[in-house]
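See below for coords00.csv, which holds CSV, C-alpha atoms.
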```
chain,number,residue,atom,x,y,z
N,158,MET,CA,109.1,81.8,88.7
N,159,GLU,CA,108.7,85.5,89.2
N,160,ARG,CA,105.9,87.9,88.4
N,161,ALA,CA,107.4,88.9,85.0
N,162,ASP,CA,107.6,85.2,84.1
N,163,VAL,CA,104.0,84.7,84.9
N,164,ILE,CA,103.1,87.6,82.7
N,165,ARG,CA,105.2,86.2,79.9
N,166,LEU,CA,103.5,82.9,80.4
N,167,PHE,CA,100.1,84.6,80.3
N,168,MET,CA,101.1,86.1,76.9
N,169,VAL,CA,101.6,82.6,75.5
N,170,ILE,CA,98.3,81.5,76.9
N,171,THR,CA,96.3,84.5,75.7
N,172,ASP,CA,97.7,84.2,72.2
N,173,GLU,CA,95.8,80.9,71.9
N,174,TYR,CA,93.0,81.5,74.4
N,175,PRO,CA,91.9,85.2,74.1
N,176,ASN,CA,89.3,84.8,76.9
N,177,PHE,CA,91.9,83.8,79.4
N,178,ASP,CA,91.8,86.0,82.5
N,179,ASP,CA,95.0,87.9,82.6
N,180,SER,CA,94.0,90.3,85.4
N,181,ASP,CA,96.5,91.3,88.1
N,182,GLU,CA,94.5,89.2,90.6
N,183,ASN,CA,95.0,86.1,88.4
N,184,VAL,CA,98.7,86.9,87.9
N,185,ASP,CA,99.1,87.0,91.7
N,186,ARG,CA,97.1,83.8,92.1
N,187,HIS,CA,99.3,82.0,89.5
N,188,LEU,CA,102.5,83.5,91.0
N,189,LYS,CA,101.6,82.1,94.4
N,190,ALA,CA,101.1,78.6,92.9
N,191,LEU,CA,104.0,78.7,90.5
N,192,LYS,CA,106.7,80.5,92.4
N,193,ASP,CA,108.7,77.3,92.9
N,194,PHE,CA,108.2,76.1,89.4
N,195,PRO,CA,110.7,76.6,86.5
N,196,PHE,CA,109.4,79.0,83.8
N,197,GLU,CA,110.8,76.9,80.9
N,198,THR,CA,108.9,73.8,82.1
N,199,ALA,CA,105.7,75.8,82.5
N,200,VAL,CA,106.0,77.1,78.9
N,201,GLN,CA,106.6,73.6,77.6
N,202,ASN,CA,103.6,72.3,79.5
N,203,VAL,CA,101.4,75.1,78.2
N,204,GLN,CA,102.6,74.5,74.6
N,205,ARG,CA,101.7,70.8,75.0
N,206,HIS,CA,98.4,71.7,76.5
N,207,ILE,CA,97.6,74.1,73.5
N,208,GLU,CA,98.3,71.2,71.1
N,209,THR,CA,95.6,69.0,72.6
N,210,ASN,CA,93.0,71.1,74.5
N,211,SER,CA,90.5,73.7,73.4
N,212,PHE,CA,90.2,75.3,76.9
N,213,TYR,CA,92.9,77.3,78.6
N,214,PRO,CA,95.2,75.5,81.1
N,215,LYS,CA,94.6,75.4,84.8
N,216,ILE,CA,97.4,75.8,87.3
N,217,SER,CA,97.7,72.1,87.7
N,218,GLU,CA,98.0,71.7,84.0
N,219,ILE,CA,100.7,74.4,83.8
N,220,ARG,CA,102.6,72.6,86.5
N,221,GLY,CA,102.0,69.3,84.7
N,222,PHE,CA,103.0,66.1,86.4
N,223,ALA,CA,106.3,67.1,87.9
N,224,ALA,CA,107.1,63.6,89.0
N,225,ASP,CA,106.5,62.2,85.5
N,226,GLN,CA,108.7,65.0,84.1
N,227,PHE,CA,111.6,64.3,86.4
N,228,ALA,CA,111.3,60.5,85.8
N,229,ARG,CA,111.3,61.2,82.0
N,230,GLU,CA,114.4,63.4,82.3
N,231,ARG,CA,116.2,60.8,84.5
N,232,GLU,CA,115.3,58.1,81.9
N,233,LEU,CA,116.6,60.3,79.1
N,234,ALA,CA,119.9,60.9,80.9
N,235,GLU,CA,120.3,57.2,81.6
N,236,THR,CA,119.6,56.3,78.0
N,237,ARG,CA,122.1,58.9,76.8
N,238,ALA,CA,124.7,57.5,79.1
N,239,TYR,CA,124.0,54.0,77.9
N,240,LEU,CA,124.2,55.0,74.2
N,241,ASP,CA,127.4,56.9,74.9
N,242,GLN,CA,128.9,53.8,76.5
N,243,ARG,CA,127.8,51.7,73.5
N,244,GLU,CA,129.4,54.1,71.2
N,245,VAL,CA,132.7,53.9,73.1
N,246,SER,CA,132.5,50.1,73.1
N,247,ARG,CA,131.8,50.2,69.3
N,248,THR,CA,134.9,52.2,68.6
N,249,LYS,CA,137.0,49.8,70.6
N,250,ALA,CA,135.5,46.7,69.0
N,251,THR,CA,137.6,44.5,66.7
N,252,LEU,CA,136.6,41.7,64.3
N,253,PRO,CA,137.3,38.2,65.3
N,254,PRO,CA,140.4,36.5,63.8
N,255,PRO,CA,139.9,34.8,60.4
N,256,GLY,CA,138.8,31.2,60.7
N,257,TRP,CA,137.5,31.4,64.3
N,258,LYS,CA,134.0,30.4,63.3
N,259,ASP,CA,135.2,27.3,61.4
N,260,ASP,CA,137.5,26.3,64.3
N,261,LEU,CA,134.6,26.7,66.8
N,262,LEU,CA,132.2,24.6,64.7
N,263,ALA,CA,134.9,21.9,64.2
N,264,LYS,CA,135.4,21.7,68.0
N,265,LEU,CA,131.6,21.5,68.6
N,266,ARG,CA,131.2,18.7,66.1
N,267,ASN,CA,134.0,16.7,67.7
N,268,THR,CA,132.6,16.8,71.2
```
What is this file in structure tokens?
Amino acid sequence: MERADVIRLFMVITDEYPNFDDSDENVDRHLKALKDFPFETAVQNVQRHIETNSFYPKISEIRGFAADQFARERELAETRAYLDQREVSRTKATLPPPGWKDDLLAKLRNT
């Protein structure tokens, strides 16, 4: 994240929390803590925070739980791959031949 990103993030925060400190010193402090963090993820975390909290977010809340986010993204990717695989299998699936169930039941009854 760059300084301009932090300022844009502060605009999102101050829209909901007008008393939030948007001074240059606070921008610098947040920039130092968020320089390695993606802007889009920070905005998502702030928006989630706004939905559930009446006080403005701290840096730790802006960062969120990165490990949880990465795990969630990995699980979503795995689920998408699984569902894609199922869709491919579904398109290749065929119905069993007529009478297979009756033949199977007859074989089971005779044994």
Problem set entry | Counting all atoms listed in the file, the option among N:Leu262, N:Glu159, N:Arg165, N:Ser246 closest to Pro195 of chain N |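 Nearest to Pro195 of chain N: N:Glu159.
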Problem set entry | Atom-to-atom span, atom CA of Tyr213 of chain N and atom CA of Glu230 of chain N, Å | 25.9 Å
Problem set entry | Between atom CA of Phe222 of chain N and atom CA of Thr209 of chain N, distance in Å (one decimal) |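 Value for the atom CA of Phe222 of chain N-atom CA of Thr209 of chain N distance: 15.9 Å.
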Exercise. Interatomic distance between atom CA of Ala199 of chain N and atom CA of Glu173 of chain N?
Worked result: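 According to the coordinates, atom CA of Ala199 of chain N and atom CA of Glu173 of chain N are separated by 15.4 Å.
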Against segment 182-191 of chain N, which residues of segment 210-255 of chain N fall within 12 Å? For each one I want the closest pair of atoms and the distance in Å (one decimal), counting all atoms listed in the file, rows by chain and increasing residue number, as a Markdown table.
```
| residue | atom | partner | partner_atom | distance |
| --- | --- | --- | --- | --- |
| N:Pro214 | CA | N:His187 | CA | 11.4 |
| N:Lys215 | CA | N:His187 | CA | 9.4 |
| N:Ile216 | CA | N:His187 | CA | 6.8 |
| N:Ser217 | CA | N:Ala190 | CA | 9.0 |
| N:Glu218 | CA | N:Leu191 | CA | 11.3 |
| N:Ile219 | CA | N:Leu191 | CA | 8.6 |
| N:Arg220 | CA | N:Leu191 | CA | 7.4 |
| N:Gly221 | CA | N:Leu191 | CA | 11.2 |
```
Problem set entry | Of the listed residues N:Ile170, N:Leu233, N:Ala238, N:Val163, that which approaches Glu208 of chain N most closely, counting all atoms listed in the file | N:Ile170
For a cut-off of 12 Å around (94.7, 81.0, 72.2), file coordinates, pick out all residues using only C-alpha atoms and list them as a PDB file with C-alpha atoms, in the frame of the given file.
```
ATOM      1  CA  PHE N 167     100.100  84.600  80.300  1.00  0.00           C
ATOM      2  CA  MET N 168     101.100  86.100  76.900  1.00  0.00           C
ATOM      3  CA  VAL N 169     101.600  82.600  75.500  1.00  0.00           C
ATOM      4  CA  ILE N 170      98.300  81.500  76.900  1.00  0.00           C
ATOM      5  CA  THR N 171      96.300  84.500  75.700  1.00  0.00           C
ATOM      6  CA  ASP N 172      97.700  84.200  72.200  1.00  0.00           C
ATOM      7  CA  GLU N 173      95.800  80.900  71.900  1.00  0.00           C
ATOM      8  CA  TYR N 174      93.000  81.500  74.400  1.00  0.00           C
ATOM      9  CA  PRO N 175      91.900  85.200  74.100  1.00  0.00           C
ATOM     10  CA  ASN N 176      89.300  84.800  76.900  1.00  0.00           C
ATOM     11  CA  PHE N 177      91.900  83.800  79.400  1.00  0.00           C
ATOM     12  CA  ASP N 178      91.800  86.000  82.500  1.00  0.00           C
ATOM     13  CA  VAL N 203     101.400  75.100  78.200  1.00  0.00           C
ATOM     14  CA  GLN N 204     102.600  74.500  74.600  1.00  0.00           C
ATOM     15  CA  HIS N 206      98.400  71.700  76.500  1.00  0.00           C
ATOM     16  CA  ILE N 207      97.600  74.100  73.500  1.00  0.00           C
ATOM     17  CA  GLU N 208      98.300  71.200  71.100  1.00  0.00           C
ATOM     18  CA  ASN N 210      93.000  71.100  74.500  1.00  0.00           C
ATOM     19  CA  SER N 211      90.500  73.700  73.400  1.00  0.00           C
ATOM     20  CA  PHE N 212      90.200  75.300  76.900  1.00  0.00           C
ATOM     21  CA  TYR N 213      92.900  77.300  78.600  1.00  0.00           C
ATOM     22  CA  PRO N 214      95.200  75.500  81.100  1.00  0.00           C
TER      23      PRO N 214
END
```
For this session: Using all atoms listed in the file, pick whichever of N:Leu240, N:Glu232, N:Ile164, N:Thr198 has the shortest atom-to-atom distance to Ser180 of chain N.
Result: N:Ile164
